[in-house]
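Trainee: Take a look at the following structure, please.
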Amino acid sequence: MTAPLIKLLTAIILPTAVFFIGGYLMLNLTGRDAFPQTSAPESVPLHFRMGSYNVEQVQAYWNWLGPEGRGAELRFLHADLVFPVMYGGAILVALLIVSNELGRPLKPQWLVLPVGITVAADWGENLLHWQQLSRFLKDEPVQAAWLQLSSLATTTKTIFFALSVLLLLVMATWRISQFFRRQGF
């Protein structure tokens with residue numbers, strides 16, 4: 001009787017733990033946590049910016065970080081190539097668990113799609129930031145077209161991450177409500 005609830009709790013806790021613990025470790029181990037966001041608009045990390053950002057905004061962010069912060073950002077971007085696979089895998093496992101508990105109302109490919117788009121966009125964003133920051137550190141001009149693409153990747157990642165999490169929460173809520181109705185609550 002309680003096994004479905006334990007599975008559902010695991011499905012919610014697993015990706016949450018991977019995301020927050022993994023994010024904390026990445027920030028801490030790369031030294032990126034020494035440069036927290038402030039009220040200054042240029043301090044908002046690029047990977048959190050919805051909408052778009054341009055060359056001037058990217059350069060303002062990297063200048064705000066300073067030399068030590070740019071080194072930490074570069075280390076963070078390297079670590080952030082692994083992180084999407086970790087949190088994406090955790091979300092996908094959770095979606096498959098909940099879908100299985102619901103009797104598989106959606107085909108697995110519909111669960112993989114938003115997570116796959118999230119991970120691919122996150123990877124693209126990270127690779128483009130890494131490439132352009134490397135140019136910036138060598139005093140080479142950054143490339144506006146690549147930064148526009150990374151901006152699009154940031155927005156795409158954020159939208160599909162939210163969609164993946166929302167899908168997980170809706171399906172889990174649906175299954176929990178089924179469980180309690182069957183128990184007479």
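By order of appearance in the structure tokens: chains A, B, ..., then residues from 1 within every chain, and ligands from 1 in the order shown.
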At a cut-off of 12 Å, using only C-alpha atoms, what residues contact Val112 (chain A)? Leave out same-chain residues fewer than 3 positions from it and give the result as a list in words.
Mentor: Gly88, Gly89, Ala90, Ile91, Leu92, Val93, Ala94, Leu95, Leu96, Ser99, Leu106, Lys107, Pro108, Gln109, Val115, Gly116, Ile117, Thr118, Val119, Ala120, Phe160, Phe161, Leu163, Ser164, Leu167 and Leu168 of chain A
Trainee: Quick one: residues within 7 Å of region 49-66 of chain A, only C-alpha atoms, excluding same-chain residues fewer than 2 positions away - as an MDAnalysis selection string?
Mentor: chainID A and resid 35 42:43 45:47 68:70 144 147:148 151:152 154:155
Trainee: As an exercise, work out the distance from CA of Arg32 (chain A) to CA of Phe76 (chain A) in Å and give it to one decimal place.
Mentor: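 Taking CA of Arg32 (chain A) as the start and CA of Phe76 (chain A) as the end point, the length is 6.5 Å.
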Trainee: Write out as JSON, numbers by chain which residues come within 9 Å of Leu149 (chain A) when counting only C-alpha atoms, dropping same-chain ones fewer than 6 positions away.
Mentor: {"A": [124, 125, 128]}
Trainee: In terms of the shortest atom-to-atom distance over only C-alpha atoms, which of A:Val170, A:Val18, A:Leu133, A:Leu81 is closest to Trp146 (chain A)?
Mentor: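 Of A:Val170, A:Val18, A:Leu133, A:Leu81, the one nearest Trp146 (chain A) is A:Leu133, counting only C-alpha atoms.
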Trainee: Quick one, how far is CA of Ile21 (chain A) from CA of Leu111 (chain A)?
Mentor: 23.6 Å
Trainee: Report as JSON, numbers by chain all protein, DNA and RNA residues lying within 9 Å of Val98 (chain A), evaluated on only C-alpha atoms, omitting residues in the same chain fewer than 3 positions from it.
Mentor: {"A": [7, 8, 11, 93, 94, 95, 101, 102, 103, 104, 168, 171, 172, 175]}
Trainee: Using CA of Asp139 (chain A) and CA of Pro41 (chain A) as the two end points, give the distance in Å to one decimal.
Mentor: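 About the pair CA of Asp139 (chain A) and CA of Pro41 (chain A): they are 23.5 Å apart.
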Trainee: Need to verify the contact set: Gly22 (chain A), 12 Å, only C-alpha atoms, exclusion of same-chain residues closer than 5 positions in sequence. Can you return it as a PyMOL selection string?
Mentor: chain A and resi 14-17+27-30+76+79-80+82-88+90
Trainee: Which of these, A:Ile12, A:Ser134, A:Gly71, A:Arg182, has the shortest distance to Ala34 (chain A) once you count only C-alpha atoms?
Mentor: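 The shortest atom-to-atom distance to Ala34 (chain A) comes from A:Gly71.
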Trainee: Just the alpha helix (DSSP H) stuff from region 2-184 of chain A, please, per backbone DSSP, written as a PyMOL selection string.
Mentor: chain A and resi 3-30+55-79+83-101+108-137+144-182
